Structure formats: C-alpha cells, structure tokens
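One structure is given here, and the rest of the page talks about it.
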Amino acid sequence: MEVEQVFHMNKGAGETSYAKNSKVQSKIISITKTVTEEAIIELLCKNLPESMGIADLGCSSGPNTITVISEIIDIIYSKCSNLGCPTPELRICLNDLYSNDFNDVFGSLPAFYNKLKEEKGTDFGQCFITGVPGSFYGRLFPRKSMHFVHSSSSLHWLSQVPPGLDSKASTAINEERIYISRTSPQSVLDSYMLQFQKDFSLFLKSRSDEIVPGGCMVLSFTGRKSMDPTAIESCHQWELLAQALMNMVSEGLIPEEKVDTFNAPYYGPCADELELEVQKEGSFIMDRLEAFEIDWDGGVDMHNTISGTLSSGQRVAKTIRAVIESMLESHFGRDIMDDLFQRHADLVDKHLAKTRTKYTNLVIHLVRKG
C-alpha cells in the first residue's frame with residue numbers, strides 16, 4: 001500500500017464523511033488551544049515579524065480545517081491589538097497528502113475571508129492562504145520561511161507500513177492482526193518502533209530547515225502513557241477492528257490472507273520516545289509536553305440529534321471509518337465496508353459496556369534553537 005497515494009479522510013459532506021464525523025479531532029483541537037495560544041504569544045513577544053509564515057500540517061478538510069486557522073488568526077490579532085501594533089502579513093499554508101479534499105477547503109475560503117473582514121475590519125493585515133500537497137515527512141516549504149507550525153491528529157500516521165509488514169511481504173508475520181497486539185511477535189513491535197523513529201526524525205529535520213530560529217511548533221497526536229506499545233490504550237481499537245475482519249473471514253466473506261497482509265501505517269508513541277527523538281535530532285527545545293485523555297466517541301453531543309441517538313459504538317465506528325476507510329477499501333474492496341463497520345460498532349459497544357477505555361493524546365511545544 002502506497003500511503004501517500006491511497007490515504008485520505010473521507011471526502012464530501014455525506015454520512016460517512018470526515019466533515020460529519022470528526023468530533024473527536026475537534027475536541028482535541030479545543031483541548032490543546034491553550035498550548036497553541038501560549039506558544040504563539042510567547043513567539044510574538046520575542047519577535048513580531050512583518051510577514052509571518054504559518055503552517056497546519058495534516059489539515060484534512062471540513063470544519064476543523066477552518067477552526068484551526070481561525071483560532072490562530074484570533075490569537076495573533078488579539079495579541080497585536082494588546083501591543084498596539086499592526087497585525088503582520090500572514091502566510092498560511094495548509095498541508096496534507098495529495099488525495100486530500102482540497103476542493104472542499106478552497107470552497108470554504110470565500111465565506112472565511114468575508115467573516116474575517118466583518119470581525120477584524122479592513123485594517124486587518126493581508127492574509128494569504130495556500131494549499132501545499134505532499135508528505136510532511138520531507139521538505140514542504142522554503143528555508144527559514146515558517147514562524148509557527150501546527151499539527152493535530154496527524155503525526156501518529158507513519159509514512160509507510162513498516163518494512164516486512166506490507167502487503168508485498170513474502171511471509172505474513174502478524175497474522176490475524178492489523179497492528180501491534182499483545183500476541184504480535186517482537187519483530188513486529190521493533191519494526192513499528194523503528195519506522196516511527198525514522199519518520200519523526202525526518203519530520204524534525206525537515207521542519208528545522210523551514211522554521212526560523214526562535215520559531216516554534218505545537219504538535220498533538222494519539223499516543224500512550226505506558227512504555228508498553230501493546231497497552232490497551234494504544235492498540236485495542238485496532239484489535240477490535242481486526243476481530244471484526246476475522247469474523248468476516250470465518251463466514252467466508254473475505255479470505256484470511258487479506259487480513260494477514262494488511263497492517264496499519266500507524267504508531268502511538270509514549271512521551272519518552274518523543275523526548276529521545278527530539279534530543280537525538282537536536283534542532284529543537286522541548287518547552288512543554290502534556291498528556292490528556294479523551295473518550296473514544298468524543299462524548300455525546302446533546303445538541304446534535306443524530307449523534308445523540310447513536311450508540312457509543314456507532315459513533316466510534318463512524319469516526320474510525322471516516323479516517324481509515326480509504327486504506328481499507330484499497331486493500332479489501334468497497335463492498336464490505338458497511339458490514340465491517342457495523343460489526344466494528346457492535347464490538348465497540350460490547351467493549352465499552354465493560355470498561356470505558358479512552359484515547360491518550362500527547363501535545364508538545366517545540367522551539368527552534370537559535
């Protein structure tokens with residue numbers, strides 16, 4: 001599976017779209033807003049540039065994309081107003097993989113610009129928004145052109161399935177599983193860890209070339225508190241999806257080899273792994289690292305009548321489907337998707353009836369050394 005070519009959030013605004021099923025990600029953005037605000041204010045207090053480069057990596061599409069850039073602009077505008085100085089020219093770059101629904105993003109910009117003029121007035125500085133397709137595991141922007149880089153719910157995705165675990169491998173070594181599991185061979189754990197180390201190191205090196213000295217990043221992604229990569233907080237969601245697939249295998253709906261040759265390009269690191277890679281790469285100072293928990297379904301939204309009538313398992317399954325259906329569809333085919341995620345929803349409901357498992361999310365504030 002070529003991740004760069006295949007992977008994207010579900011497009012459009014239909015019932016299985018990311019736009020309608022990204023409440024968990026929205027809640028993460030809301031929880032980490034304080035970290036983002038403090039990082040930007042600290043940056044502006046040290047140096048207020050005439051032209052400010054800003055990037056959101058893994059921007060996806062739908063309402064969350066606009067929420068992120070709106071909040072960043074609001075923070076900058078408020079701080080500049082308090083300082084009694086004009087807002088800098090803003091160069092905002094929205095990045096995601098090539099198959100992202102950039103048309104949806106661009107289609108929402110006219111209304112965004114109109115709202116910006118209404119709220120901030122005509123004296124607000126110039127704001128240029130561009131789309132930058134490509135993998136953030138490599139260079140995206142000119143050297144020393146960025147002041148603030150943001151990424152939310154993206155860096156747990158790897159650049160590729162670890163070597164030896166992709167569908168082209170001659171021997172399946174993680175049979176009946178689609179990610180790390182307590183019963184996975186140690187070689188599987190090692191392959192995932194090495195791929196994460198390679199990817200995150202390359203991410204840091206690429207950003208170190210692009211961010212000005214004193215510039216910063218706020219990154220948040222799914223991780224784990226435990227040092228153990230097989231901990232339930234990190235991998236149980238994948239185990240339930242694998243179980244749904246294996247149930248379909250037992251009924252003859254899909255061949256077992258299809259499950260044996262699919263492994264997710266994902267890794268949820270712990271804090272120590274992040275700190276080690278930041279230290280090894282050497283270009284950034286880790287100013288802050290925090291962990292927080294969030295319900296698998298993001299909690300019930302009582303103002304959303306549709307969401308409020310769904311079970312927790314259904315909400316979780318719709319959220320997961322909106323994110324990974326493109327990868328599953330490319331490997332297993334489109335025809336099984338409805339059945340698969342109904343089974344997944346049922347398994348999640350049974351699990352949550354016994355224990356209220358939560359995602360662990362990590363947020364870090366990194367400052368480029370000067």
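The chains in the structure tokens are called A, B, ... from first to last as shown; in each chain the residues are counted from 1, and the ligands are counted from 1 in the order shown.
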
Using DSSP on the backbone, list every residue of segment 237-361 of chain A that comes out as strand (DSSP E or B), and give them as a VMD selection string. chain A and resid 266 270 284 to 295 358 to 361

Using only all heavy atoms, please write the residues we just selected to a file, as a short mmCIF file (atom, residue, chain, number, x, y, z; two decimals), in the first residue's frame.
```cif
data_model
loop_
_atom_site.label_atom_id
_atom_site.label_comp_id
_atom_site.auth_asym_id
_atom_site.auth_seq_id
_atom_site.Cartn_x
_atom_site.Cartn_y
_atom_site.Cartn_z
N TYR A 266 0.61 3.20 11.29
CA TYR A 266 0.24 3.97 12.48
C TYR A 266 1.18 3.61 13.61
O TYR A 266 1.64 2.47 13.72
CB TYR A 266 -1.21 3.63 12.84
CG TYR A 266 -1.69 4.14 14.19
CD1 TYR A 266 -2.39 5.34 14.28
CD2 TYR A 266 -1.49 3.41 15.35
CE1 TYR A 266 -2.86 5.81 15.51
CE2 TYR A 266 -1.94 3.88 16.58
CZ TYR A 266 -2.63 5.07 16.66
OH TYR A 266 -3.08 5.53 17.86
N CYS A 270 5.01 6.94 23.15
CA CYS A 270 4.94 7.44 24.52
C CYS A 270 5.82 8.69 24.64
O CYS A 270 6.60 9.00 23.73
CB CYS A 270 5.36 6.37 25.52
SG CYS A 270 7.10 5.88 25.42
N PHE A 284 15.62 21.33 18.18
CA PHE A 284 14.52 21.93 18.92
C PHE A 284 14.67 21.74 20.42
O PHE A 284 15.26 20.76 20.88
CB PHE A 284 13.18 21.33 18.48
CG PHE A 284 12.79 21.64 17.08
CD1 PHE A 284 13.15 20.80 16.03
CD2 PHE A 284 12.06 22.79 16.78
CE1 PHE A 284 12.80 21.09 14.73
CE2 PHE A 284 11.71 23.09 15.47
CZ PHE A 284 12.08 22.24 14.44
N ILE A 285 14.12 22.69 21.16
CA ILE A 285 14.00 22.57 22.61
C ILE A 285 12.56 22.20 22.91
O ILE A 285 11.62 22.85 22.41
CB ILE A 285 14.33 23.91 23.30
CG1 ILE A 285 15.78 24.31 23.01
CG2 ILE A 285 14.07 23.84 24.80
CD1 ILE A 285 16.10 25.74 23.43
N MET A 286 12.36 21.15 23.72
CA MET A 286 11.02 20.77 24.11
C MET A 286 10.60 21.63 25.30
O MET A 286 11.05 21.42 26.42
CB MET A 286 10.94 19.28 24.45
CG MET A 286 9.52 18.83 24.78
SD MET A 286 9.35 17.04 25.03
CE MET A 286 9.55 16.43 23.37
N ASP A 287 9.74 22.60 25.03
CA ASP A 287 9.31 23.54 26.05
C ASP A 287 8.18 22.98 26.90
O ASP A 287 8.02 23.36 28.06
CB ASP A 287 8.85 24.84 25.38
CG ASP A 287 8.49 25.92 26.38
OD1 ASP A 287 9.41 26.43 27.04
OD2 ASP A 287 7.28 26.23 26.50
N ARG A 288 7.42 22.04 26.31
CA ARG A 288 6.24 21.54 27.02
C ARG A 288 5.82 20.21 26.43
O ARG A 288 5.87 20.01 25.22
CB ARG A 288 5.11 22.56 26.86
CG ARG A 288 3.83 22.31 27.64
CD ARG A 288 2.97 23.56 27.49
NE ARG A 288 1.75 23.51 28.28
CZ ARG A 288 0.91 24.54 28.40
NH1 ARG A 288 1.17 25.67 27.77
NH2 ARG A 288 -0.18 24.43 29.13
N LEU A 289 5.41 19.28 27.28
CA LEU A 289 4.85 18.01 26.85
C LEU A 289 3.78 17.61 27.84
O LEU A 289 4.04 17.51 29.05
CB LEU A 289 5.93 16.92 26.76
CG LEU A 289 5.51 15.59 26.12
CD1 LEU A 289 6.74 14.85 25.58
CD2 LEU A 289 4.75 14.68 27.06
N GLU A 290 2.56 17.42 27.36
CA GLU A 290 1.45 17.05 28.23
C GLU A 290 0.67 15.90 27.62
O GLU A 290 0.68 15.70 26.40
CB GLU A 290 0.49 18.24 28.42
CG GLU A 290 1.12 19.43 29.13
CD GLU A 290 0.15 20.59 29.27
OE1 GLU A 290 -1.03 20.43 28.88
OE2 GLU A 290 0.57 21.65 29.76
N ALA A 291 0.02 15.14 28.48
CA ALA A 291 -0.85 14.04 28.04
C ALA A 291 -2.25 14.28 28.58
O ALA A 291 -2.42 14.79 29.69
CB ALA A 291 -0.31 12.70 28.53
N PHE A 292 -3.24 13.95 27.77
CA PHE A 292 -4.62 14.05 28.23
C PHE A 292 -5.44 12.93 27.60
O PHE A 292 -5.04 12.34 26.59
CB PHE A 292 -5.23 15.42 27.88
CG PHE A 292 -5.27 15.73 26.42
CD1 PHE A 292 -6.39 15.43 25.65
CD2 PHE A 292 -4.18 16.33 25.79
CE1 PHE A 292 -6.43 15.72 24.29
CE2 PHE A 292 -4.21 16.63 24.43
CZ PHE A 292 -5.34 16.32 23.68
N GLU A 293 -6.55 12.61 28.23
CA GLU A 293 -7.40 11.53 27.75
C GLU A 293 -8.68 12.09 27.12
O GLU A 293 -9.13 13.17 27.46
CB GLU A 293 -7.78 10.59 28.90
CG GLU A 293 -6.60 9.82 29.46
CD GLU A 293 -7.02 8.86 30.56
OE1 GLU A 293 -8.06 9.12 31.21
OE2 GLU A 293 -6.34 7.84 30.76
N ILE A 294 -9.24 11.32 26.19
CA ILE A 294 -10.48 11.70 25.54
C ILE A 294 -11.26 10.43 25.23
O ILE A 294 -10.68 9.40 24.87
CB ILE A 294 -10.20 12.52 24.25
CG1 ILE A 294 -11.49 13.08 23.67
CG2 ILE A 294 -9.44 11.72 23.23
CD1 ILE A 294 -11.27 14.10 22.57
N ASP A 295 -12.58 10.49 25.40
CA ASP A 295 -13.42 9.33 25.11
C ASP A 295 -13.28 8.90 23.66
O ASP A 295 -13.09 9.73 22.76
CB ASP A 295 -14.90 9.65 25.38
CG ASP A 295 -15.21 9.79 26.86
OD1 ASP A 295 -14.48 9.18 27.67
OD2 ASP A 295 -16.16 10.51 27.20
N LYS A 358 -10.22 5.00 27.00
CA LYS A 358 -10.05 6.33 26.41
C LYS A 358 -8.79 6.36 25.55
O LYS A 358 -7.86 5.57 25.74
CB LYS A 358 -9.96 7.40 27.50
CG LYS A 358 -11.21 7.56 28.36
CD LYS A 358 -10.96 8.56 29.48
CE LYS A 358 -12.18 8.72 30.37
NZ LYS A 358 -13.24 9.50 29.73
N TYR A 359 -8.78 7.29 24.61
CA TYR A 359 -7.56 7.58 23.88
C TYR A 359 -6.64 8.42 24.78
O TYR A 359 -7.11 9.26 25.54
CB TYR A 359 -7.83 8.42 22.63
CG TYR A 359 -8.60 7.74 21.53
CD1 TYR A 359 -9.81 8.26 21.09
CD2 TYR A 359 -8.11 6.60 20.89
CE1 TYR A 359 -10.52 7.68 20.05
CE2 TYR A 359 -8.82 6.01 19.86
CZ TYR A 359 -10.03 6.55 19.45
OH TYR A 359 -10.73 5.96 18.43
N THR A 360 -5.34 8.19 24.66
CA THR A 360 -4.36 9.09 25.24
C THR A 360 -3.79 9.96 24.13
O THR A 360 -3.38 9.45 23.09
CB THR A 360 -3.22 8.32 25.92
OG1 THR A 360 -3.75 7.60 27.04
CG2 THR A 360 -2.13 9.27 26.41
N ASN A 361 -3.81 11.26 24.34
CA ASN A 361 -3.25 12.19 23.36
C ASN A 361 -2.08 12.94 23.98
O ASN A 361 -2.11 13.28 25.17
CB ASN A 361 -4.30 13.18 22.88
CG ASN A 361 -5.15 12.61 21.77
OD1 ASN A 361 -4.87 12.77 20.60
ND2 ASN A 361 -6.21 11.90 22.17
#
```

Please tabulate, as CSV, the residues of segment 103-201 of chain A that come within 10 Å of segment 48-67 of chain A, each with its closest pair of atoms and the distance in Å to one decimal, counting only C-alpha atoms and ordering rows by chain, then residue number upward.
```
residue,atom,partner,partner_atom,distance
A:Asn103,CA,A:Ser61,CA,8.8
A:Asp104,CA,A:Ser61,CA,6.4
A:Val105,CA,A:Ser61,CA,5.6
A:Phe106,CA,A:Ser61,CA,9.4
A:Ser108,CA,A:Ile66,CA,8.0
A:Leu109,CA,A:Ile66,CA,8.4
A:Phe112,CA,A:Ile66,CA,7.6
A:Gly125,CA,A:Ser51,CA,9.6
A:Gln126,CA,A:Ser51,CA,9.2
A:Cys127,CA,A:Met52,CA,9.7
A:Phe128,CA,A:Gly53,CA,9.8
A:Ile129,CA,A:Ile54,CA,9.5
A:Thr130,CA,A:Ala55,CA,9.6
A:Gly131,CA,A:Cys59,CA,9.5
A:Val132,CA,A:Leu57,CA,9.2
A:Pro133,CA,A:Gly58,CA,9.6
A:Gly134,CA,A:Gly58,CA,9.6
A:Ser135,CA,A:Gly58,CA,8.8
A:Phe136,CA,A:Leu57,CA,6.9
A:Leu140,CA,A:Leu57,CA,9.8
A:Phe141,CA,A:Ala55,CA,9.3
A:Lys144,CA,A:Gly53,CA,9.2
A:Ser145,CA,A:Gly53,CA,5.9
A:Met146,CA,A:Gly53,CA,4.2
A:His147,CA,A:Gly53,CA,5.1
A:Phe148,CA,A:Ile54,CA,4.9
A:Val149,CA,A:Ala55,CA,4.8
A:His150,CA,A:Asp56,CA,4.8
A:Ser151,CA,A:Leu57,CA,4.9
A:Ser152,CA,A:Gly58,CA,7.2
A:Ser153,CA,A:Gly58,CA,7.7
A:Ser154,CA,A:Gly58,CA,5.6
A:Leu155,CA,A:Gly58,CA,8.1
A:Trp157,CA,A:Gly58,CA,9.9
```

For the residues selected in the previous step, produce a file with N, CA and C atoms as a compact mmCIF listing (two decimals), in the first residue's frame.
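The new file part_39.txt reads:
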```
# COMPACT_ATOMS: atom_id res chain seq x y z
N ASN A 103 -10.40 20.66 -2.60
CA ASN A 103 -11.51 21.40 -3.21
C ASN A 103 -12.49 21.87 -2.16
N ASP A 104 -12.76 21.01 -1.17
CA ASP A 104 -13.65 21.40 -0.07
C ASP A 104 -13.05 22.56 0.72
N VAL A 105 -11.74 22.47 0.98
CA VAL A 105 -11.06 23.53 1.73
C VAL A 105 -11.15 24.85 0.99
N PHE A 106 -10.78 24.84 -0.29
CA PHE A 106 -10.78 26.08 -1.08
C PHE A 106 -12.20 26.65 -1.23
N SER A 108 -14.47 26.67 0.92
CA SER A 108 -14.90 27.32 2.17
C SER A 108 -14.21 28.66 2.41
N LEU A 109 -13.21 28.98 1.60
CA LEU A 109 -12.42 30.19 1.86
C LEU A 109 -13.14 31.51 1.60
N PHE A 112 -14.94 32.33 4.64
CA PHE A 112 -13.97 32.59 5.69
C PHE A 112 -13.40 34.00 5.58
N GLY A 125 -4.37 43.11 8.62
CA GLY A 125 -3.32 42.89 7.62
C GLY A 125 -3.70 41.84 6.58
N GLN A 126 -2.89 41.75 5.56
CA GLN A 126 -3.11 40.78 4.49
C GLN A 126 -3.01 39.35 5.03
N CYS A 127 -3.87 38.46 4.49
CA CYS A 127 -3.86 37.06 4.89
C CYS A 127 -3.91 36.21 3.62
N PHE A 128 -2.83 35.48 3.36
CA PHE A 128 -2.74 34.66 2.16
C PHE A 128 -2.79 33.19 2.55
N ILE A 129 -3.76 32.46 2.04
CA ILE A 129 -3.92 31.04 2.37
C ILE A 129 -3.66 30.21 1.13
N THR A 130 -2.77 29.24 1.25
CA THR A 130 -2.42 28.38 0.13
C THR A 130 -2.47 26.91 0.56
N GLY A 131 -2.71 26.04 -0.40
CA GLY A 131 -2.65 24.61 -0.16
C GLY A 131 -1.30 24.07 -0.58
N VAL A 132 -0.72 23.20 0.24
CA VAL A 132 0.59 22.63 -0.06
C VAL A 132 0.49 21.11 0.04
N PRO A 133 0.18 20.43 -1.06
CA PRO A 133 0.07 18.96 -1.01
C PRO A 133 1.43 18.29 -0.90
N GLY A 134 1.49 17.20 -0.15
CA GLY A 134 2.73 16.45 0.00
C GLY A 134 2.87 15.88 1.39
N SER A 135 3.81 14.98 1.56
CA SER A 135 4.06 14.36 2.86
C SER A 135 4.88 15.27 3.74
N PHE A 136 4.48 15.40 5.02
CA PHE A 136 5.29 16.20 5.94
C PHE A 136 6.53 15.45 6.43
N LEU A 140 8.69 20.78 2.76
CA LEU A 140 7.46 21.32 2.16
C LEU A 140 7.58 22.80 1.81
N PHE A 141 8.42 23.54 2.57
CA PHE A 141 8.47 24.99 2.45
C PHE A 141 9.91 25.47 2.26
N LYS A 144 13.78 28.60 6.21
CA LYS A 144 13.53 29.69 7.17
C LYS A 144 12.35 30.59 6.75
N SER A 145 11.28 29.95 6.32
CA SER A 145 10.10 30.72 5.88
C SER A 145 8.94 30.63 6.86
N MET A 146 9.04 29.71 7.85
CA MET A 146 7.95 29.47 8.78
C MET A 146 8.27 30.00 10.18
N HIS A 147 7.24 30.57 10.83
CA HIS A 147 7.38 31.03 12.22
C HIS A 147 6.63 30.14 13.19
N PHE A 148 5.48 29.64 12.75
CA PHE A 148 4.68 28.77 13.62
C PHE A 148 4.10 27.62 12.81
N VAL A 149 4.31 26.40 13.31
CA VAL A 149 3.80 25.19 12.65
C VAL A 149 2.89 24.45 13.63
N HIS A 150 1.73 24.08 13.13
CA HIS A 150 0.73 23.38 13.93
C HIS A 150 0.40 22.05 13.27
N SER A 151 0.16 21.03 14.07
CA SER A 151 -0.32 19.76 13.54
C SER A 151 -1.13 19.07 14.61
N SER A 152 -2.31 18.59 14.23
CA SER A 152 -3.19 17.92 15.19
C SER A 152 -3.73 16.63 14.59
N SER A 153 -3.67 15.57 15.37
CA SER A 153 -4.22 14.26 14.98
C SER A 153 -3.66 13.76 13.65
N SER A 154 -2.36 13.94 13.44
CA SER A 154 -1.76 13.54 12.17
C SER A 154 -0.46 12.75 12.32
N LEU A 155 0.38 13.12 13.27
CA LEU A 155 1.72 12.53 13.33
C LEU A 155 1.76 11.10 13.86
N TRP A 157 0.31 8.93 12.18
CA TRP A 157 0.32 8.20 10.91
C TRP A 157 1.74 8.16 10.35
```

Using only C-alpha atoms, can you tell me which of A:His236, A:Arg368, A:His351, A:Lys318 comes closest to Glu15 of chain A? A:Lys318

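When only C-alpha atoms are used to compute distances to Cys93 of chain A, the closest of the residues A:Lys120, A:Leu274, A:Val212, A:Pro142 turns out to be A:Pro142.
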
Considering only C-alpha atoms, can you say which of A:Asp272, A:Glu176, A:Asp335, A:Asp123 comes closest to Leu245 of chain A?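 Under the stated criterion, the closest residue is A:Glu176.
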
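Closest to Arg182 of chain A among A:Gln195, A:Gln314, A:Ser234, A:Ser201 is A:Ser234, based on only C-alpha atoms.
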
Skip Pro185 of chain A itself and residues of its chain fewer than 4 positions away, then list as a PyMOL selection string all residues within 12 Å of it, counting only C-alpha atoms. chain A and resi 165+172-175+177+179-181+189-192+230

Could you save the residues just selected, with N, CA and C atoms, as a PDB file, in the first residue's frame?
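The result, written out as part.pdb:
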```pdb
ATOM      1  N   LEU A 165       6.158  -5.762   6.709  1.00  0.00           N
ATOM      2  CA  LEU A 165       4.768  -5.914   7.151  1.00  0.00           C
ATOM      3  C   LEU A 165       3.763  -5.478   6.094  1.00  0.00           C
ATOM      4  N   ALA A 172       3.740 -13.467   5.863  1.00  0.00           N
ATOM      5  CA  ALA A 172       2.965 -12.690   6.843  1.00  0.00           C
ATOM      6  C   ALA A 172       3.432 -13.053   8.245  1.00  0.00           C
ATOM      7  N   ILE A 173       3.881 -12.059   9.011  1.00  0.00           N
ATOM      8  CA  ILE A 173       4.397 -12.338  10.357  1.00  0.00           C
ATOM      9  C   ILE A 173       3.505 -11.768  11.457  1.00  0.00           C
ATOM     10  N   ASN A 174       2.410 -11.104  11.064  1.00  0.00           N
ATOM     11  CA  ASN A 174       1.492 -10.546  12.056  1.00  0.00           C
ATOM     12  C   ASN A 174       0.081 -11.053  11.761  1.00  0.00           C
ATOM     13  N   GLU A 175      -0.037 -12.345  11.651  1.00  0.00           N
ATOM     14  CA  GLU A 175      -1.269 -12.983  11.196  1.00  0.00           C
ATOM     15  C   GLU A 175      -2.461 -12.692  12.106  1.00  0.00           C
ATOM     16  N   ARG A 177      -3.939 -10.052  12.661  1.00  0.00           N
ATOM     17  CA  ARG A 177      -3.874  -8.752  13.322  1.00  0.00           C
ATOM     18  C   ARG A 177      -3.596  -7.691  12.264  1.00  0.00           C
ATOM     19  N   TYR A 179      -2.353  -4.473  13.457  1.00  0.00           N
ATOM     20  CA  TYR A 179      -1.465  -3.525  14.139  1.00  0.00           C
ATOM     21  C   TYR A 179      -0.774  -4.291  15.263  1.00  0.00           C
ATOM     22  N   ILE A 180      -0.021  -3.590  16.068  1.00  0.00           N
ATOM     23  CA  ILE A 180       0.626  -4.197  17.226  1.00  0.00           C
ATOM     24  C   ILE A 180      -0.435  -4.785  18.158  1.00  0.00           C
ATOM     25  N   SER A 181      -0.157  -5.969  18.667  1.00  0.00           N
ATOM     26  CA  SER A 181      -1.052  -6.645  19.601  1.00  0.00           C
ATOM     27  C   SER A 181      -0.203  -7.338  20.657  1.00  0.00           C
ATOM     28  N   LEU A 189       6.762  -5.409  16.796  1.00  0.00           N
ATOM     29  CA  LEU A 189       6.915  -4.234  17.658  1.00  0.00           C
ATOM     30  C   LEU A 189       8.151  -3.440  17.265  1.00  0.00           C
ATOM     31  N   ASP A 190       9.246  -4.154  17.018  1.00  0.00           N
ATOM     32  CA  ASP A 190      10.504  -3.498  16.658  1.00  0.00           C
ATOM     33  C   ASP A 190      10.381  -2.758  15.327  1.00  0.00           C
ATOM     34  N   SER A 191       9.700  -3.370  14.356  1.00  0.00           N
ATOM     35  CA  SER A 191       9.543  -2.742  13.042  1.00  0.00           C
ATOM     36  C   SER A 191       8.753  -1.450  13.139  1.00  0.00           C
ATOM     37  N   TYR A 192       7.681  -1.467  13.929  1.00  0.00           N
ATOM     38  CA  TYR A 192       6.866  -0.264  14.090  1.00  0.00           C
ATOM     39  C   TYR A 192       7.660   0.837  14.802  1.00  0.00           C
ATOM     40  N   THR A 230       2.029  -2.373  23.518  1.00  0.00           N
ATOM     41  CA  THR A 230       0.870  -3.259  23.414  1.00  0.00           C
ATOM     42  C   THR A 230      -0.198  -2.929  24.459  1.00  0.00           C
TER      43      THR A 230
END
```

With only C-alpha atoms as the counted atoms, please give the residues lying no more than 6 Å from Gly268 of chain A, apart from itself and same-chain residues fewer than 3 positions off, as a PyMOL selection string. chain A and resi 156+222-223

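Minimum atom-to-atom distance to Gln5 of chain A, evaluated using only C-alpha atoms, belongs to A:Leu97 out of A:Leu97, A:Cys45, A:Ile320, A:Ala264.
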
I need the residue nearest Asp346 of chain A from this list: A:Ala244, A:Ile41, A:Leu219, A:Val6. Use only C-alpha atoms for the distance. A:Ala244

For Ser159 of chain A, work out the shell of residues within 8 Å, counting only C-alpha atoms and skipping chain neighbours fewer than 3 positions away, then give it as a VMD selection string. chain A and resid 3 to 4 135 137 199 265

Could you state the separation of atom CA of His331 of chain A and atom CA of Glu256 of chain A in Å, given to one decimal place?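 Going from atom CA of His331 of chain A over to atom CA of Glu256 of chain A covers 12.5 Å.
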
Arg343 of chain A surroundings by only C-alpha atoms, 10 Å radius, close-in-sequence under 4 positions cut, as a PyMOL selection string: chain A and resi 240-241+243-245+247-248+313-314+317+337-339+347-349

File of the preceding selection, N, CA, C and O atoms, as a PDB file, in the first residue's frame:
```
ATOM      1  N   LEU A 240     -10.049  -4.592  17.978  1.00  0.00           N
ATOM      2  CA  LEU A 240     -11.479  -4.768  17.739  1.00  0.00           C
ATOM      3  C   LEU A 240     -11.789  -4.767  16.239  1.00  0.00           C
ATOM      4  O   LEU A 240     -12.635  -5.541  15.772  1.00  0.00           O
ATOM      5  N   LEU A 241     -11.106  -3.907  15.494  1.00  0.00           N
ATOM      6  CA  LEU A 241     -11.317  -3.876  14.045  1.00  0.00           C
ATOM      7  C   LEU A 241     -10.808  -5.172  13.410  1.00  0.00           C
ATOM      8  O   LEU A 241     -11.447  -5.722  12.501  1.00  0.00           O
ATOM      9  N   GLN A 243     -10.724  -8.032  14.894  1.00  0.00           N
ATOM     10  CA  GLN A 243     -11.699  -9.051  15.273  1.00  0.00           C
ATOM     11  C   GLN A 243     -12.904  -9.028  14.335  1.00  0.00           C
ATOM     12  O   GLN A 243     -13.414 -10.080  13.925  1.00  0.00           O
ATOM     13  N   ALA A 244     -13.365  -7.834  13.981  1.00  0.00           N
ATOM     14  CA  ALA A 244     -14.482  -7.711  13.033  1.00  0.00           C
ATOM     15  C   ALA A 244     -14.108  -8.316  11.685  1.00  0.00           C
ATOM     16  O   ALA A 244     -14.919  -9.024  11.056  1.00  0.00           O
ATOM     17  N   LEU A 245     -12.889  -8.070  11.236  1.00  0.00           N
ATOM     18  CA  LEU A 245     -12.422  -8.639   9.977  1.00  0.00           C
ATOM     19  C   LEU A 245     -12.338 -10.161  10.050  1.00  0.00           C
ATOM     20  O   LEU A 245     -12.750 -10.872   9.119  1.00  0.00           O
ATOM     21  N   ASN A 247     -14.023 -12.125  11.978  1.00  0.00           N
ATOM     22  CA  ASN A 247     -15.379 -12.673  11.986  1.00  0.00           C
ATOM     23  C   ASN A 247     -15.903 -12.830  10.561  1.00  0.00           C
ATOM     24  O   ASN A 247     -16.593 -13.801  10.237  1.00  0.00           O
ATOM     25  N   MET A 248     -15.560 -11.886   9.710  1.00  0.00           N
ATOM     26  CA  MET A 248     -15.966 -11.966   8.309  1.00  0.00           C
ATOM     27  C   MET A 248     -15.209 -13.078   7.587  1.00  0.00           C
ATOM     28  O   MET A 248     -15.744 -13.725   6.684  1.00  0.00           O
ATOM     29  N   GLY A 313     -20.758   2.804  20.301  1.00  0.00           N
ATOM     30  CA  GLY A 313     -20.064   2.007  19.292  1.00  0.00           C
ATOM     31  C   GLY A 313     -20.278   2.528  17.894  1.00  0.00           C
ATOM     32  O   GLY A 313     -19.349   2.556  17.079  1.00  0.00           O
ATOM     33  N   GLN A 314     -21.491   2.973  17.599  1.00  0.00           N
ATOM     34  CA  GLN A 314     -21.772   3.529  16.267  1.00  0.00           C
ATOM     35  C   GLN A 314     -21.020   4.829  16.034  1.00  0.00           C
ATOM     36  O   GLN A 314     -20.495   5.068  14.938  1.00  0.00           O
ATOM     37  N   ALA A 317     -17.344   3.885  15.476  1.00  0.00           N
ATOM     38  CA  ALA A 317     -17.149   3.262  14.169  1.00  0.00           C
ATOM     39  C   ALA A 317     -17.230   4.287  13.040  1.00  0.00           C
ATOM     40  O   ALA A 317     -16.456   4.238  12.078  1.00  0.00           O
ATOM     41  N   MET A 337     -17.454  -2.624   3.306  1.00  0.00           N
ATOM     42  CA  MET A 337     -17.273  -1.543   4.270  1.00  0.00           C
ATOM     43  C   MET A 337     -18.463  -1.368   5.223  1.00  0.00           C
ATOM     44  O   MET A 337     -18.288  -1.245   6.433  1.00  0.00           O
ATOM     45  N   ASP A 338     -19.682  -1.360   4.692  1.00  0.00           N
ATOM     46  CA  ASP A 338     -20.849  -1.180   5.569  1.00  0.00           C
ATOM     47  C   ASP A 338     -20.937  -2.297   6.597  1.00  0.00           C
ATOM     48  O   ASP A 338     -21.159  -2.053   7.796  1.00  0.00           O
ATOM     49  N   ASP A 339     -20.785  -3.528   6.144  1.00  0.00           N
ATOM     50  CA  ASP A 339     -20.857  -4.694   7.033  1.00  0.00           C
ATOM     51  C   ASP A 339     -19.733  -4.648   8.063  1.00  0.00           C
ATOM     52  O   ASP A 339     -19.954  -4.870   9.261  1.00  0.00           O
ATOM     53  N   LEU A 347     -18.887  -4.542  18.323  1.00  0.00           N
ATOM     54  CA  LEU A 347     -17.775  -4.957  19.195  1.00  0.00           C
ATOM     55  C   LEU A 347     -17.361  -3.824  20.140  1.00  0.00           C
ATOM     56  O   LEU A 347     -17.051  -4.059  21.307  1.00  0.00           O
ATOM     57  N   VAL A 348     -17.359  -2.596  19.636  1.00  0.00           N
ATOM     58  CA  VAL A 348     -17.016  -1.450  20.475  1.00  0.00           C
ATOM     59  C   VAL A 348     -18.057  -1.276  21.582  1.00  0.00           C
ATOM     60  O   VAL A 348     -17.718  -1.023  22.738  1.00  0.00           O
ATOM     61  N   ASP A 349     -19.329  -1.415  21.242  1.00  0.00           N
ATOM     62  CA  ASP A 349     -20.387  -1.317  22.255  1.00  0.00           C
ATOM     63  C   ASP A 349     -20.189  -2.348  23.363  1.00  0.00           C
ATOM     64  O   ASP A 349     -20.324  -2.031  24.556  1.00  0.00           O
TER      65      ASP A 349
END
```

Please return, as a PyMOL selection string, all residues of segment 228-368 of chain A that DSSP assigns to alpha helix (DSSP H) on the basis of the backbone. chain A and resi 232-250+256-260+271-281+305-309+312-332+337-354
